[in-house]
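Trainee: For reference, the file final_19.cif (mmCIF, C-alpha atoms and all ligand atoms) is included below:
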```
data_work
#
loop_
_atom_site.label_atom_id
_atom_site.label_comp_id
_atom_site.auth_asym_id
_atom_site.auth_seq_id
_atom_site.Cartn_x
_atom_site.Cartn_y
_atom_site.Cartn_z
CA MET A 1 53.70 -21.37 65.24
CA ILE A 2 52.44 -23.88 62.68
CA SER A 3 52.73 -23.24 58.97
CA VAL A 4 49.19 -22.64 57.72
CA GLN A 5 48.78 -24.29 54.31
CA LEU A 6 45.66 -23.83 52.23
CA SER A 7 44.13 -26.88 50.58
CA GLU A 8 44.62 -27.42 46.86
CA ARG A 9 40.94 -26.63 46.27
CA VAL A 10 41.34 -23.21 47.84
CA LYS A 11 44.64 -22.60 46.07
CA ASN A 12 42.91 -23.47 42.80
CA LEU A 13 40.20 -20.83 43.22
CA PRO A 14 40.12 -18.41 40.29
CA PRO A 15 41.86 -15.08 40.94
CA TYR A 16 39.67 -12.48 42.59
CA LEU A 17 39.28 -10.01 39.75
CA PHE A 18 37.55 -7.39 41.82
CA ALA A 19 40.48 -6.86 44.20
CA ALA A 20 42.03 -4.02 42.16
CA ILE A 21 38.62 -2.40 41.78
CA ASP A 22 37.84 -2.74 45.50
CA LYS A 23 41.08 -0.91 46.17
CA MET A 24 40.20 1.87 43.72
CA LYS A 25 36.77 2.15 45.31
CA GLN A 26 38.23 2.54 48.80
CA GLU A 27 40.66 5.18 47.53
CA ALA A 28 37.85 7.11 45.83
CA ILE A 29 35.80 7.06 49.04
CA LYS A 30 38.84 8.26 51.02
CA LYS A 31 39.29 11.14 48.58
CA GLY A 32 35.66 12.13 49.20
CA VAL A 33 34.43 11.30 45.68
CA ASP A 34 30.62 11.34 45.32
CA LEU A 35 30.54 7.69 44.29
CA ILE A 36 27.64 6.29 42.26
CA ASP A 37 27.89 2.57 42.87
CA LEU A 38 26.28 0.62 40.03
CA SER A 39 28.20 -2.54 40.85
CA ILE A 40 25.96 -3.96 43.55
CA GLY A 41 23.68 -6.93 42.86
CA ASP A 42 21.66 -6.26 45.99
CA PRO A 43 18.32 -4.38 46.01
CA ASP A 44 18.48 -0.92 47.63
CA ILE A 45 14.77 -1.15 48.47
CA PRO A 46 14.14 -2.44 52.02
CA THR A 47 12.25 -5.67 52.76
CA LEU A 48 8.50 -5.10 52.48
CA LYS A 49 6.91 -3.95 55.75
CA HIS A 50 4.38 -6.77 56.09
CA ILE A 51 7.24 -9.31 55.92
CA VAL A 52 9.22 -7.49 58.61
CA ALA A 53 6.08 -7.38 60.78
CA ALA A 54 5.58 -11.14 60.38
CA MET A 55 9.22 -11.71 61.38
CA LYS A 56 8.83 -9.60 64.54
CA LYS A 57 5.88 -11.71 65.60
CA ALA A 58 7.50 -15.04 64.71
CA VAL A 59 10.70 -14.31 66.59
CA GLU A 60 8.71 -14.09 69.86
CA ASN A 61 7.59 -17.70 69.53
CA PRO A 62 9.88 -20.04 71.53
CA ALA A 63 8.95 -22.93 69.23
CA HIS A 64 11.05 -21.21 66.57
CA HIS A 65 14.10 -20.93 68.81
CA ARG A 66 15.00 -24.60 68.46
CA TYR A 67 16.67 -26.39 65.55
CA PRO A 68 14.49 -26.25 62.46
CA SER A 69 13.73 -29.34 60.36
CA TYR A 70 16.34 -30.01 57.69
CA GLU A 71 14.04 -29.93 54.69
CA GLY A 72 12.07 -26.86 55.86
CA MET A 73 8.76 -26.53 57.73
CA LEU A 74 5.94 -28.26 55.90
CA SER A 75 3.95 -25.00 56.04
CA TYR A 76 6.79 -23.21 54.21
CA ARG A 77 7.07 -25.95 51.61
CA GLU A 78 3.28 -25.83 51.12
CA ALA A 79 3.49 -22.05 50.60
CA VAL A 80 6.17 -22.64 47.95
CA ALA A 81 3.97 -25.23 46.21
CA ARG A 82 0.99 -22.84 46.23
CA TRP A 83 3.19 -20.03 44.82
CA TYR A 84 4.40 -22.33 42.04
CA LYS A 85 0.89 -23.40 41.11
CA LYS A 86 -0.32 -19.81 41.01
CA ARG A 87 2.70 -18.33 39.21
CA PHE A 88 3.63 -21.13 36.81
CA ASN A 89 0.72 -23.58 36.97
CA VAL A 90 3.22 -26.27 38.01
CA LYS A 91 2.07 -28.82 40.59
CA LEU A 92 4.57 -29.80 43.28
CA ASN A 93 4.29 -32.25 46.15
CA PRO A 94 5.40 -30.15 49.15
CA GLU A 95 6.59 -33.27 51.00
CA THR A 96 9.03 -34.52 48.37
CA GLU A 97 9.39 -31.91 45.63
CA VAL A 98 10.27 -28.82 47.70
CA LEU A 99 13.41 -28.27 49.77
CA SER A 100 14.29 -25.13 51.76
CA LEU A 101 17.68 -23.51 51.12
CA ILE A 102 19.74 -21.01 53.10
CA GLY A 103 19.59 -18.76 50.05
CA SER A 104 19.94 -20.26 46.58
CA LYS A 105 23.71 -19.66 46.66
CA GLU A 106 23.89 -22.37 49.31
CA GLY A 107 22.04 -24.88 47.13
CA ILE A 108 24.10 -24.03 44.05
CA GLY A 109 27.35 -24.36 45.98
CA HIS A 110 26.36 -27.69 47.51
CA ILE A 111 24.66 -29.56 44.68
CA PRO A 112 27.89 -30.71 42.97
CA LEU A 113 28.91 -32.44 46.22
CA ALA A 114 25.89 -34.70 45.89
CA PHE A 115 26.37 -35.80 42.28
CA VAL A 116 29.86 -35.03 41.00
CA ASN A 117 32.82 -37.37 41.44
CA PRO A 118 36.40 -36.20 41.01
CA GLY A 119 37.09 -35.76 37.29
CA ASP A 120 33.41 -35.57 36.30
CA ILE A 121 32.30 -32.73 34.08
CA VAL A 122 29.86 -29.98 34.98
CA LEU A 123 28.45 -27.79 32.20
CA VAL A 124 28.70 -24.16 33.28
CA PRO A 125 27.55 -20.98 31.48
CA SER A 126 30.00 -18.13 31.01
CA PRO A 127 29.69 -15.26 31.67
CA GLY A 128 27.87 -16.47 34.76
CA TYR A 129 27.39 -16.54 38.50
CA PRO A 130 30.81 -17.55 39.89
CA VAL A 131 29.34 -20.13 42.32
CA TYR A 132 28.69 -22.65 39.49
CA PRO A 133 32.39 -23.23 38.69
CA VAL A 134 33.49 -22.82 42.31
CA GLY A 135 30.98 -25.38 43.64
CA THR A 136 32.19 -27.69 40.86
CA LEU A 137 35.84 -27.15 41.84
CA PHE A 138 35.10 -27.85 45.52
CA ALA A 139 33.53 -31.18 44.54
CA GLY A 140 36.60 -32.11 42.45
CA GLY A 141 34.70 -31.73 39.18
CA LYS A 142 35.79 -29.99 36.02
CA SER A 143 33.83 -27.10 34.55
CA TYR A 144 33.15 -27.19 30.83
CA ILE A 145 32.36 -23.64 29.75
CA MET A 146 29.21 -23.04 27.68
CA PRO A 147 29.76 -19.58 26.14
CA LEU A 148 26.81 -17.16 26.21
CA THR A 149 27.24 -14.86 23.23
CA GLU A 150 25.26 -11.99 21.87
CA GLU A 151 24.97 -13.73 18.46
CA ASN A 152 23.15 -16.60 20.15
CA ASP A 153 20.93 -14.39 22.38
CA PHE A 154 23.06 -15.38 25.38
CA LEU A 155 21.82 -18.99 25.21
CA PRO A 156 24.43 -21.77 25.16
CA ASP A 157 24.79 -23.48 21.80
CA LEU A 158 24.10 -27.05 22.92
CA ASP A 159 25.08 -28.53 19.53
CA GLU A 160 28.59 -27.18 20.03
CA ILE A 161 29.26 -29.32 23.10
CA PRO A 162 31.35 -32.36 22.06
CA LYS A 163 29.78 -35.79 22.62
CA SER A 164 32.83 -36.90 24.61
CA ILE A 165 32.11 -34.07 27.06
CA LEU A 166 28.39 -34.84 27.25
CA ARG A 167 29.14 -38.47 28.10
CA LYS A 168 31.23 -37.38 31.08
CA ALA A 169 28.87 -34.61 32.21
CA LYS A 170 26.90 -35.18 35.41
CA LEU A 171 25.37 -31.79 35.97
CA MET A 172 24.42 -28.72 33.94
CA PHE A 173 23.78 -25.25 35.32
CA ILE A 174 21.55 -22.82 33.44
CA ASN A 175 20.29 -19.43 34.64
CA TYR A 176 17.40 -17.41 33.16
CA PRO A 177 16.59 -14.59 33.58
CA ASN A 178 20.35 -14.37 33.33
CA ASN A 179 22.87 -12.62 35.51
CA PRO A 180 24.87 -10.79 34.12
CA THR A 181 23.46 -10.56 30.55
CA SER A 182 19.78 -9.96 31.53
CA ALA A 183 18.63 -12.39 28.81
CA THR A 184 15.58 -14.65 29.17
CA ALA A 185 15.11 -18.12 27.65
CA PRO A 186 12.28 -19.31 25.38
CA ALA A 187 10.46 -22.62 25.92
CA GLU A 188 12.26 -24.05 22.87
CA PHE A 189 15.60 -23.73 24.62
CA TYR A 190 14.40 -25.58 27.72
CA LYS A 191 12.99 -28.34 25.48
CA GLU A 192 16.43 -28.80 23.92
CA VAL A 193 18.01 -28.91 27.37
CA ILE A 194 15.56 -31.62 28.45
CA ARG A 195 16.24 -33.69 25.30
CA LEU A 196 19.99 -33.47 25.84
CA ALA A 197 19.74 -34.27 29.55
CA GLN A 198 17.62 -37.35 28.85
CA LYS A 199 19.96 -38.58 26.14
CA TYR A 200 23.15 -38.22 28.20
CA ASN A 201 21.76 -38.66 31.71
CA ILE A 202 22.67 -35.18 32.90
CA ILE A 203 21.11 -33.51 35.96
CA VAL A 204 19.83 -30.01 35.14
CA CYS A 205 19.93 -27.27 37.75
CA HIS A 206 18.11 -24.15 36.63
CA ASP A 207 18.84 -21.04 38.70
CA ALA A 208 15.73 -18.85 38.53
CA ALA A 209 16.68 -16.22 41.12
CA TYR A 210 15.38 -13.38 38.90
CA SER A 211 12.10 -14.93 37.69
CA GLU A 212 10.04 -12.09 39.21
CA ILE A 213 12.14 -9.13 38.04
CA TYR A 214 11.01 -8.64 34.45
CA TYR A 215 10.01 -5.81 32.10
CA ASP A 216 7.14 -4.91 29.79
CA ASP A 217 4.91 -7.52 31.48
CA GLU A 218 6.79 -10.34 29.75
CA LYS A 219 6.78 -12.97 32.49
CA PRO A 220 9.66 -15.43 32.33
CA ILE A 221 8.55 -19.07 32.34
CA SER A 222 9.68 -21.83 34.66
CA PHE A 223 11.85 -24.67 33.38
CA LEU A 224 9.43 -27.00 35.18
CA GLU A 225 6.53 -25.90 32.97
CA LEU A 226 7.97 -28.07 30.20
CA LYS A 227 7.16 -31.72 29.68
CA GLY A 228 9.86 -33.99 31.07
CA ALA A 229 11.62 -31.26 33.08
CA LYS A 230 10.83 -32.95 36.38
CA ASP A 231 12.44 -36.16 35.08
CA VAL A 232 15.80 -34.45 34.62
CA GLY A 233 16.10 -31.49 36.88
CA ILE A 234 15.37 -29.02 39.58
CA GLU A 235 14.89 -25.27 39.75
CA MET A 236 16.38 -23.06 42.43
CA HIS A 237 14.70 -19.91 43.64
CA SER A 238 15.49 -17.18 46.04
CA LEU A 239 13.38 -14.78 48.06
CA SER A 240 16.38 -12.41 47.99
CA LYS A 241 15.70 -10.51 44.79
CA THR A 242 11.91 -10.89 44.57
CA TYR A 243 11.12 -9.58 48.06
CA ASN A 244 14.30 -7.56 48.80
CA MET A 245 15.42 -10.13 51.37
CA THR A 246 19.08 -10.73 50.50
CA GLY A 247 20.14 -10.49 54.15
CA TRP A 248 17.59 -13.01 55.41
CA ARG A 249 19.13 -16.05 53.70
CA ILE A 250 16.26 -18.11 52.41
CA GLY A 251 15.44 -19.80 49.11
CA PHE A 252 14.18 -23.11 47.83
CA ALA A 253 14.81 -25.89 45.35
CA VAL A 254 11.92 -27.64 43.59
CA GLY A 255 11.49 -30.44 41.08
CA ASN A 256 12.84 -33.99 40.79
CA LYS A 257 12.53 -35.69 44.17
CA ASP A 258 15.59 -37.93 43.84
CA ILE A 259 17.80 -34.96 42.97
CA LEU A 260 16.38 -33.01 45.92
CA ALA A 261 16.96 -36.00 48.21
CA GLY A 262 20.61 -36.12 47.09
CA LEU A 263 21.09 -32.43 47.80
CA GLY A 264 19.28 -32.94 51.10
CA LYS A 265 21.82 -35.61 52.08
CA ILE A 266 24.63 -33.06 51.78
CA LYS A 267 22.64 -30.44 53.67
CA THR A 268 21.66 -32.65 56.61
CA ASN A 269 25.37 -33.29 57.13
CA LEU A 270 26.51 -29.68 56.78
CA ASP A 271 23.75 -27.33 57.94
CA SER A 272 20.71 -27.39 60.14
CA GLY A 273 18.15 -25.59 58.03
CA VAL A 274 16.69 -22.10 58.00
CA PHE A 275 15.66 -20.24 61.19
CA GLN A 276 11.94 -21.01 61.51
CA ALA A 277 11.01 -17.39 62.19
CA VAL A 278 12.51 -16.55 58.78
CA GLN A 279 10.44 -19.37 57.26
CA GLU A 280 7.27 -17.97 58.89
CA ALA A 281 8.00 -14.51 57.49
CA SER A 282 8.74 -16.09 54.11
CA ILE A 283 5.32 -17.75 54.00
CA VAL A 284 3.88 -14.24 54.33
CA ALA A 285 6.32 -13.03 51.64
CA LEU A 286 5.22 -15.74 49.20
CA ASN A 287 1.60 -14.64 49.69
CA THR A 288 2.42 -11.00 48.83
CA ASP A 289 -0.17 -9.29 46.67
CA ASP A 290 0.82 -9.10 42.98
CA SER A 291 0.17 -5.36 42.93
CA ILE A 292 3.05 -4.80 45.38
CA LEU A 293 5.44 -6.78 43.19
CA SER A 294 4.22 -4.82 40.15
CA ASP A 295 5.20 -1.61 41.95
CA ILE A 296 8.71 -2.97 42.54
CA ARG A 297 8.98 -3.99 38.90
CA SER A 298 7.84 -0.58 37.76
CA THR A 299 10.53 1.05 39.93
CA TYR A 300 13.17 -1.08 38.18
CA GLN A 301 11.61 -0.43 34.79
CA LYS A 302 11.91 3.35 35.25
CA ARG A 303 15.56 2.89 36.18
CA ARG A 304 16.19 0.57 33.24
CA ASP A 305 14.61 3.03 30.83
CA ALA A 306 16.61 5.95 32.24
CA LEU A 307 19.91 4.06 31.95
CA TYR A 308 19.23 2.29 28.66
CA ASN A 309 17.90 5.36 26.85
CA GLY A 310 20.55 7.61 28.36
CA LEU A 311 23.51 5.40 27.45
CA ARG A 312 22.13 4.59 24.02
CA LYS A 313 22.20 8.27 23.10
CA LEU A 314 25.89 8.24 23.93
CA GLY A 315 26.43 5.57 21.29
CA LEU A 316 27.26 2.71 23.65
CA HIS A 317 26.44 -0.80 22.45
CA LEU A 318 23.87 -2.13 24.95
CA ILE A 319 21.78 -5.22 25.47
CA LYS A 320 18.24 -4.08 26.33
CA PRO A 321 17.34 -5.90 29.56
CA LYS A 322 14.27 -8.13 29.34
CA ALA A 323 14.57 -9.02 33.01
CA THR A 324 16.85 -8.80 36.10
CA PHE A 325 18.17 -5.52 37.51
CA TYR A 326 21.31 -5.51 35.36
CA LEU A 327 22.33 -3.98 32.06
CA TRP A 328 25.05 -5.66 30.01
CA ALA A 329 27.05 -3.38 27.73
CA LYS A 330 30.02 -3.60 25.39
CA VAL A 331 32.98 -1.44 26.36
CA PRO A 332 33.84 1.37 23.90
CA SER A 333 36.72 0.64 21.53
CA GLY A 334 40.15 1.24 22.96
CA PHE A 335 39.20 -0.34 26.31
CA ASP A 336 38.94 -3.80 27.81
CA SER A 337 36.56 -4.62 30.70
CA SER A 338 38.98 -3.66 33.48
CA SER A 339 40.40 -0.53 31.86
CA PHE A 340 36.92 0.83 31.12
CA VAL A 341 35.80 0.24 34.71
CA ALA A 342 38.96 1.95 35.97
CA HIS A 343 38.50 4.84 33.52
CA LEU A 344 34.90 5.44 34.62
CA LEU A 345 35.74 5.30 38.30
CA ASP A 346 38.67 7.64 37.87
CA LYS A 347 36.96 10.19 35.59
CA THR A 348 33.36 10.05 36.85
CA GLY A 349 33.19 8.39 40.27
CA ILE A 350 30.88 5.68 38.84
CA LEU A 351 31.57 2.10 39.76
CA ILE A 352 30.43 -0.78 37.53
CA THR A 353 31.42 -4.45 37.29
CA PRO A 354 33.92 -5.69 34.67
CA GLY A 355 32.45 -8.49 32.55
CA ASN A 356 35.55 -10.68 32.87
CA GLY A 357 34.70 -11.09 36.58
CA PHE A 358 31.95 -13.46 35.35
CA GLY A 359 34.37 -15.61 33.34
CA ALA A 360 36.69 -15.05 30.39
CA ILE A 361 33.80 -14.93 27.91
CA GLY A 362 32.61 -11.74 29.64
CA GLU A 363 35.75 -9.86 28.54
CA GLY A 364 34.84 -6.79 26.49
CA TYR A 365 31.64 -6.21 28.45
CA VAL A 366 30.61 -4.49 31.69
CA ARG A 367 27.59 -4.85 33.96
CA PHE A 368 25.58 -1.92 35.32
CA ALA A 369 23.25 -2.65 38.29
CA LEU A 370 19.95 -0.78 38.59
CA THR A 371 20.16 -0.64 42.37
CA VAL A 372 20.14 3.17 42.78
CA PRO A 373 17.26 5.67 42.30
CA VAL A 374 16.45 7.19 38.87
CA LYS A 375 17.89 10.56 39.92
CA ARG A 376 21.31 8.99 40.51
CA ILE A 377 21.07 7.02 37.26
CA LYS A 378 20.44 10.26 35.34
CA GLU A 379 23.38 11.86 37.13
CA ALA A 380 25.52 8.84 36.15
CA VAL A 381 24.51 9.17 32.48
CA GLU A 382 25.44 12.89 32.54
CA ARG A 383 28.84 12.12 34.02
CA ILE A 384 29.54 9.33 31.52
CA LYS A 385 28.58 11.69 28.69
CA ASN A 386 31.15 14.23 29.86
CA SER A 387 33.86 11.59 30.32
CA LEU A 388 33.32 10.19 26.81
CA LEU A 389 33.37 13.66 25.28
CA SER A 390 36.78 14.25 26.78
CA LEU A 391 38.29 11.01 25.43
C1 LIG B 401 21.74 -13.30 43.75
C2 LIG B 401 21.89 -14.57 42.99
C3 LIG B 401 21.71 -15.82 43.59
C4 LIG B 401 21.68 -16.09 45.06
O1 LIG B 401 20.85 -15.48 45.84
P1 LIG B 401 20.63 -15.94 47.34
O2 LIG B 401 20.60 -14.66 48.08
O3 LIG B 401 21.74 -16.83 47.77
O4 LIG B 401 19.33 -16.67 47.31
C5 LIG B 401 21.74 -16.96 42.80
N1 LIG B 401 21.95 -16.88 41.49
C6 LIG B 401 22.16 -15.71 40.87
C7 LIG B 401 22.39 -15.72 39.42
C8 LIG B 401 22.16 -14.52 41.60
O5 LIG B 401 22.43 -13.38 40.98
#
```
Could I get this file's structure written as structure tokens?
Ligand SMILES: *Cc1c(COP(=O)(O)O)cnc(C)c1O
Mentor:
Amino acid sequence: MISVQLSERVKNLPPYLFAAIDKMKQEAIKKGVDLIDLSIGDPDIPTLKHIVAAMKKAVENPAHHRYPSYEGMLSYREAVARWYKKRFNVKLNPETEVLSLIGSKEGIGHIPLAFVNPGDIVLVPSPGYPVYPVGTLFAGGKSYIMPLTEENDFLPDLDEIPKSILRKAKLMFINYPNNPTSATAPAEFYKEVIRLAQKYNIIVCHDAAYSEIYYDDEKPISFLELKGAKDVGIEMHSLSKTYNMTGWRIGFAVGNKDILAGLGKIKTNLDSGVFQAVQEASIVALNTDDSILSDIRSTYQKRRDALYNGLRKLGLHLIKPKATFYLWAKVPSGFDSSSFVAHLLDKTGILITPGNGFGAIGEGYVRFALTVPVKRIKEAVERIKNSLLSL
């Protein structure tokens, strides 16, 4: 028997904060609790039928059974470029400014390997998607945390970042609409990011996974709509959240061609692209009629309204979501993130995500996901009401 030793990079992974909660969840299920799981960042609505139909047809074609091209089929990249033009009025060259991804998580995890040397700094928002700091760690880089606070509308305060850090920074992650805070970013913010990136030669990677899940018809903008954005950065997108395709594993990166070529170098050496049948179905997905996406948005909006209005009456301090299918809330006094999550699960059978799981700055907050029907959300609000009354 050999002694199996993990690498330093694996040993250095942040502690898995959800382990205790996973255990509580399993125990609740075993006890037969009628669990309302509001912790899942995965749409409960199935993939749209016309996309499934396109997949069924594409899978029959033997041409798709072979290795795909690394950068994605040209027809898929052209569909992405058309979607960008229509949605954001941004022009992209499908040959050089579009790259397929095996889900945007893959691109986010890999991009530091292309540009970050050991000891280099990566600017990372917190609370935030855990893949930004983990991808940085795997590349030997150091994360510099940009706090997202309620006082600053969950935008990083770029003036607060020391010059010595900016000089060593190679890459900056930003993410709007934001998971977990549900905030969106104004054009002004992106302009500041572009100015900073130009001044200090920092690559910007904007994660726009939730660009199509928004409320009150307030469409989030693309980072690439702004002048100079393509000189400094790329934007990553996912079909996962927009078209309920989390299991299919497809996304794309668009923008600066040299940055995409660098990411492509990592990918050609590590993966072999996206199954072409999935790309064919995704072309159909990207051509989906707007009215269908409006219906999905209105489903989420009804859920958001039920949860936001319901919890507000209970006196909880909430951030009203402008986009995404999450609601970010402060824990009531007397609790921290973990103890409130444990209290709710124990007293009500409702599972939510502790904010500190998204980084230390998320302590004191929790995230509710809108991935269950309105009826269950109303039931959840009722149960929370009773549990708070009995405090
Ligand atoms: C869900 C999510 C992603 C990744 O989605 P993929 O399924 O890998 O495309 C990326 N960023 C954020 C913030 C997410 O919440």
Trainee: List all protein, DNA and RNA residues that have any atom at most 9 Å from ligand LIG 401 (chain B), counting all atoms listed in the file, and write the list as a ChimeraX atom specification.
Mentor: /A:41-42,101-108,128-131,175-180,207-210,236-241,245-252,324
Trainee: May I ask for the distance between CA of Gly355 (chain A) and CA of Phe115 (chain A), given in Å to one decimal place?
Mentor: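 It comes out at 29.6 Å.
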Trainee: With all atoms listed in the file as the atoms that count, which of A:Ser75, A:Ser182, A:Ser3, A:Asn93 lies nearest to Leu155 (chain A)?
Mentor: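 Smallest separation from Leu155 (chain A) among the options: A:Ser182.
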Trainee: Rank A:Ile221, A:Val278, A:Ala183, A:Met172 by their smallest atom-to-atom distance to Leu196 (chain A), using all atoms listed in the file, and report the top residue only.
Mentor: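 Of the candidates, the smallest distance to Leu196 (chain A) is held by A:Met172.
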Trainee: Given only C-alpha atoms as the basis, pick out the residue of A:Asn287, A:Thr181, A:Asn89, A:Gln279 nearest to Ala369 (chain A).
Mentor: A:Thr181
